[in-house]
Amino acid sequence: QLILSTSLNITSMSDASPQVHMRYFAVQGAAETLRHVMALGGIEWSEDEWPVDFSKYSTEGIRGAAPGFAKAQDAGELDANLSRGPVCIIDNQPALGQSKALERYLARRLGLMGSTEMEAAQIDAISEHVRDIKDKYQKAKGDPDQKAEYFAKTMPDFMQKIEKAVGLLPGSGPALVGKQLSLADVTLYVFLVDFFTDKKEAMASINNCPRLKASIAAIAAEPNIVKYREARTMIAT
């Protein structure tokens, strides 16, 4: 459970901060961008944090490796996400699934989706661009030659395109959209800093992208993000 200061000048969709309980593994995985959204927004949340014994995964599957996950499945606690995690219970309302939907919803609640509907759409678009280049990695990572090509050319070229797209928008940074850091900045940060095991190669992809580099630096310096990352115990996956 984390309690973070609200250092950002944000406008929320609701007067009250959302109360969030997340059901997920004690790993970064599909929930890590969502955790960073909540951290940047300065709210408190709690998690189930199911332990995972990766030594059992190859023989017993995820249910055997994570008994807490299996118990939650059997109890119907993950039905909102088709028996998968993460699932969030927000303000004691019916459970919500799908990590991207959760990211967008909580970003709106926390004032991290821009100051206008157009900015919200621009933030959403950048986040989807990041998902596109992530999908390309998932297809390439199994083949050494394709993986090398991904880091040498595919990813740098794609990041240059995102840099160009960001340059079309009003503003000069460090936020990618508008004047305040948003879901777009968080999504880019978690992708580049946390997602890859080849971290040096990933960061090299933005060597010629000053706007993207400024966004990454701004998120890394945010006090709420610093506090969250210093305290987190989630296993990188």
# chains A, B, ... in the order shown; residues from 1 in each chain; ligands from 1
>>> residues_around(residues="A:Asn92", least_positions_apart="3", cutoff="12 Å", atoms="only C-alpha atoms", output="PDB file with C-alpha atoms, in the first residue's frame")
ATOM      1  CA  PRO A  18     -10.311   7.050  -6.377  1.00  0.00           C
ATOM      2  CA  GLN A  19      -9.883   4.204  -3.920  1.00  0.00           C
ATOM      3  CA  VAL A  20      -8.243   1.342  -5.789  1.00  0.00           C
ATOM      4  CA  HIS A  21      -7.557  -2.292  -4.951  1.00  0.00           C
ATOM      5  CA  MET A  22      -5.743  -4.269  -7.632  1.00  0.00           C
ATOM      6  CA  CYS A  88      -9.227  -3.392 -10.160  1.00  0.00           C
ATOM      7  CA  ILE A  89     -11.991  -2.634  -7.700  1.00  0.00           C
ATOM      8  CA  ALA A  95     -14.551  -4.900 -10.854  1.00  0.00           C
ATOM      9  CA  LEU A  96     -12.880  -3.584 -14.013  1.00  0.00           C
TER      10      LEU A  96
END
>>> residues_around(residues="stretch 48-57 of chain A", least_positions_apart="3", cutoff="6 Å", atoms="only C-alpha atoms", output="list of chain:residue names")
A:Arg23, A:Tyr24, A:Phe25, A:Ala26, A:Glu60, A:Gly61, A:Ile62, A:Ala65, A:Ala66, A:Gly68
>>> select_by_dssp(residues="stretch 86-152 of chain A", states="helix (DSSP H, G or I)", output="VMD selection string")
chain A and resid 99 to 109 117 to 140 144 to 152
>>> write_last_selection(atoms="C-alpha atoms", output="JSON list (two decimals), in the first residue's frame")
[["chain", "number", "residue", "atom", "x", "y", "z"],
["A", 99, "SER", "CA", -5.00, -2.89, -18.23],
["A", 100, "LYS", "CA", -5.26, -0.28, -21.00],
["A", 101, "ALA", "CA", -8.85, 0.58, -20.10],
["A", 102, "LEU", "CA", -7.80, 0.89, -16.46],
["A", 103, "GLU", "CA", -4.87, 3.13, -17.39],
["A", 104, "ARG", "CA", -7.11, 5.49, -19.35],
["A", 105, "TYR", "CA", -9.88, 5.55, -16.76],
["A", 106, "LEU", "CA", -7.61, 6.29, -13.82],
["A", 107, "ALA", "CA", -5.57, 8.77, -15.86],
["A", 108, "ARG", "CA", -8.80, 10.69, -16.50],
["A", 109, "ARG", "CA", -9.76, 10.54, -12.85],
["A", 117, "GLU", "CA", -10.75, 16.29, -25.29],
["A", 118, "MET", "CA", -8.31, 16.91, -28.16],
["A", 119, "GLU", "CA", -5.35, 16.56, -25.78],
["A", 120, "ALA", "CA", -6.92, 13.36, -24.43],
["A", 121, "ALA", "CA", -7.10, 11.98, -27.97],
["A", 122, "GLN", "CA", -3.48, 12.99, -28.63],
["A", 123, "ILE", "CA", -2.36, 11.28, -25.41],
["A", 124, "ASP", "CA", -4.30, 8.17, -26.39],
["A", 125, "ALA", "CA", -2.70, 8.18, -29.84],
["A", 126, "ILE", "CA", 0.84, 8.38, -28.47],
["A", 127, "SER", "CA", 0.10, 5.56, -26.04],
["A", 128, "GLU", "CA", -1.13, 3.45, -28.96],
["A", 129, "HIS", "CA", 2.02, 4.26, -30.94],
["A", 130, "VAL", "CA", 4.01, 2.82, -28.05],
["A", 131, "ARG", "CA", 1.86, -0.29, -28.05],
["A", 132, "ASP", "CA", 2.54, -0.70, -31.80],
["A", 133, "ILE", "CA", 6.32, -0.72, -31.36],
["A", 134, "LYS", "CA", 6.00, -3.03, -28.35],
["A", 135, "ASP", "CA", 4.01, -5.46, -30.50],
["A", 136, "LYS", "CA", 6.77, -5.40, -33.10],
["A", 137, "TYR", "CA", 9.26, -6.46, -30.41],
["A", 138, "GLN", "CA", 7.05, -9.34, -29.30],
["A", 139, "LYS", "CA", 7.16, -10.68, -32.84],
["A", 140, "ALA", "CA", 10.92, -10.17, -33.23],
["A", 144, "PRO", "CA", 18.25, -13.43, -32.64],
["A", 145, "ASP", "CA", 18.63, -11.83, -36.06],
["A", 146, "GLN", "CA", 15.20, -10.21, -35.97],
["A", 147, "LYS", "CA", 15.83, -9.00, -32.43],
["A", 148, "ALA", "CA", 19.12, -7.43, -33.46],
["A", 149, "GLU", "CA", 17.40, -5.75, -36.42],
["A", 150, "TYR", "CA", 14.69, -4.47, -34.09],
["A", 151, "PHE", "CA", 17.15, -2.62, -31.84],
["A", 152, "ALA", "CA", 19.43, -1.52, -34.67]]
>>> select_by_dssp(residues="stretch 86-131 of chain A", states="strand (DSSP E or B)", output="list in words")
Val87, Cys88, Ile89, Ile90, Leu96 and Gly97 of chain A
>>> residues_around(residues="stretch 188-200 of chain A", least_positions_apart="6", cutoff="9 Å", atoms="only C-alpha atoms", output="list in words")
Gln28, Gly29, Glu32, Thr33, His36, Ile126, Ser127, Val130, Arg131, Lys134, Leu212, Ser215, Ile216, Ala217, Ile219, Ala220, Ala236 and Thr237 of chain A
>>> residues_around(residues="A:Gln180", least_positions_apart="4", cutoff="12 Å", atoms="only C-alpha atoms", output="NGL selection string")
:A and (7-11 or 40-41 or 110-116 or 119-120 or 123 or 171-176 or 184-186 or 215 or 218-219 or 222)
>>> closest_residue(among="A:Ile43, A:Ala31, A:Met159, A:Leu169", to="A:Asn208", atoms="only C-alpha atoms")
A:Met159
>>> closest_residue(among="A:Ser58, A:Ser182, A:Thr233, A:Asn207", to="A:Asp157", atoms="only C-alpha atoms")
A:Asn207
>>> closest_residue(among="A:Gly178, A:Pro223, A:Gly142, A:Pro156", to="A:Ser205", atoms="only C-alpha atoms")
A:Pro156
>>> atom_distance(atom1="atom CA of A:Ile90", atom2="atom CA of A:Gly42")
15.4 Å
>>> decode(residues="stretch 115-188 of chain A", atoms="C-alpha atoms", output="PDB file, in the first residue's frame")
ATOM      1  CA  SER A 115      -6.897  19.593 -20.338  1.00  0.00           C
ATOM      2  CA  THR A 116      -9.156  19.149 -23.390  1.00  0.00           C
ATOM      3  CA  GLU A 117     -10.753  16.290 -25.295  1.00  0.00           C
ATOM      4  CA  MET A 118      -8.312  16.912 -28.156  1.00  0.00           C
ATOM      5  CA  GLU A 119      -5.353  16.564 -25.783  1.00  0.00           C
ATOM      6  CA  ALA A 120      -6.921  13.361 -24.433  1.00  0.00           C
ATOM      7  CA  ALA A 121      -7.097  11.982 -27.972  1.00  0.00           C
ATOM      8  CA  GLN A 122      -3.480  12.985 -28.627  1.00  0.00           C
ATOM      9  CA  ILE A 123      -2.363  11.285 -25.408  1.00  0.00           C
ATOM     10  CA  ASP A 124      -4.296   8.173 -26.386  1.00  0.00           C
ATOM     11  CA  ALA A 125      -2.700   8.184 -29.838  1.00  0.00           C
ATOM     12  CA  ILE A 126       0.837   8.378 -28.475  1.00  0.00           C
ATOM     13  CA  SER A 127       0.097   5.560 -26.042  1.00  0.00           C
ATOM     14  CA  GLU A 128      -1.134   3.450 -28.961  1.00  0.00           C
ATOM     15  CA  HIS A 129       2.020   4.257 -30.943  1.00  0.00           C
ATOM     16  CA  VAL A 130       4.014   2.822 -28.047  1.00  0.00           C
ATOM     17  CA  ARG A 131       1.857  -0.288 -28.054  1.00  0.00           C
ATOM     18  CA  ASP A 132       2.539  -0.697 -31.797  1.00  0.00           C
ATOM     19  CA  ILE A 133       6.316  -0.721 -31.364  1.00  0.00           C
ATOM     20  CA  LYS A 134       5.995  -3.027 -28.352  1.00  0.00           C
ATOM     21  CA  ASP A 135       4.006  -5.464 -30.502  1.00  0.00           C
ATOM     22  CA  LYS A 136       6.772  -5.401 -33.099  1.00  0.00           C
ATOM     23  CA  TYR A 137       9.258  -6.455 -30.408  1.00  0.00           C
ATOM     24  CA  GLN A 138       7.049  -9.344 -29.295  1.00  0.00           C
ATOM     25  CA  LYS A 139       7.161 -10.679 -32.841  1.00  0.00           C
ATOM     26  CA  ALA A 140      10.925 -10.175 -33.227  1.00  0.00           C
ATOM     27  CA  LYS A 141      12.328 -11.233 -29.853  1.00  0.00           C
ATOM     28  CA  GLY A 142      12.288 -14.979 -30.487  1.00  0.00           C
ATOM     29  CA  ASP A 143      14.737 -14.796 -33.386  1.00  0.00           C
ATOM     30  CA  PRO A 144      18.250 -13.432 -32.639  1.00  0.00           C
ATOM     31  CA  ASP A 145      18.630 -11.828 -36.058  1.00  0.00           C
ATOM     32  CA  GLN A 146      15.200 -10.213 -35.972  1.00  0.00           C
ATOM     33  CA  LYS A 147      15.826  -9.005 -32.429  1.00  0.00           C
ATOM     34  CA  ALA A 148      19.121  -7.432 -33.461  1.00  0.00           C
ATOM     35  CA  GLU A 149      17.400  -5.750 -36.415  1.00  0.00           C
ATOM     36  CA  TYR A 150      14.686  -4.469 -34.087  1.00  0.00           C
ATOM     37  CA  PHE A 151      17.147  -2.624 -31.840  1.00  0.00           C
ATOM     38  CA  ALA A 152      19.431  -1.525 -34.670  1.00  0.00           C
ATOM     39  CA  LYS A 153      16.805  -0.149 -37.045  1.00  0.00           C
ATOM     40  CA  THR A 154      13.127  -0.903 -36.386  1.00  0.00           C
ATOM     41  CA  MET A 155      12.884   0.675 -32.959  1.00  0.00           C
ATOM     42  CA  PRO A 156      15.058   3.773 -33.618  1.00  0.00           C
ATOM     43  CA  ASP A 157      13.146   4.472 -36.841  1.00  0.00           C
ATOM     44  CA  PHE A 158       9.809   4.114 -35.069  1.00  0.00           C
ATOM     45  CA  MET A 159      10.846   6.346 -32.180  1.00  0.00           C
ATOM     46  CA  GLN A 160      11.930   9.007 -34.686  1.00  0.00           C
ATOM     47  CA  LYS A 161       8.415   8.854 -36.134  1.00  0.00           C
ATOM     48  CA  ILE A 162       6.907   9.350 -32.679  1.00  0.00           C
ATOM     49  CA  GLU A 163       9.283  12.275 -32.145  1.00  0.00           C
ATOM     50  CA  LYS A 164       8.053  13.813 -35.399  1.00  0.00           C
ATOM     51  CA  ALA A 165       4.414  13.265 -34.429  1.00  0.00           C
ATOM     52  CA  VAL A 166       4.975  14.909 -31.043  1.00  0.00           C
ATOM     53  CA  GLY A 167       6.637  17.854 -32.788  1.00  0.00           C
ATOM     54  CA  LEU A 168       3.399  18.567 -34.652  1.00  0.00           C
ATOM     55  CA  LEU A 169       1.605  19.305 -31.385  1.00  0.00           C
ATOM     56  CA  PRO A 170       1.557  22.632 -29.530  1.00  0.00           C
ATOM     57  CA  GLY A 171       4.012  22.946 -26.677  1.00  0.00           C
ATOM     58  CA  SER A 172       7.730  22.557 -26.231  1.00  0.00           C
ATOM     59  CA  GLY A 173       7.903  19.909 -23.491  1.00  0.00           C
ATOM     60  CA  PRO A 174       8.889  18.261 -21.370  1.00  0.00           C
ATOM     61  CA  ALA A 175       5.327  16.885 -21.458  1.00  0.00           C
ATOM     62  CA  LEU A 176       4.598  15.116 -24.734  1.00  0.00           C
ATOM     63  CA  VAL A 177       1.108  16.635 -24.860  1.00  0.00           C
ATOM     64  CA  GLY A 178       0.029  19.929 -23.350  1.00  0.00           C
ATOM     65  CA  LYS A 179       1.652  21.489 -20.326  1.00  0.00           C
ATOM     66  CA  GLN A 180       1.417  18.633 -17.817  1.00  0.00           C
ATOM     67  CA  LEU A 181       2.831  15.135 -17.720  1.00  0.00           C
ATOM     68  CA  SER A 182       0.239  12.582 -18.728  1.00  0.00           C
ATOM     69  CA  LEU A 183      -0.498   8.972 -19.509  1.00  0.00           C
ATOM     70  CA  ALA A 184       1.497   9.412 -22.723  1.00  0.00           C
ATOM     71  CA  ASP A 185       4.657  10.271 -20.785  1.00  0.00           C
ATOM     72  CA  VAL A 186       4.112   7.428 -18.314  1.00  0.00           C
ATOM     73  CA  THR A 187       3.500   4.911 -21.097  1.00  0.00           C
ATOM     74  CA  LEU A 188       6.674   5.904 -22.918  1.00  0.00           C
TER      75      LEU A 188
END
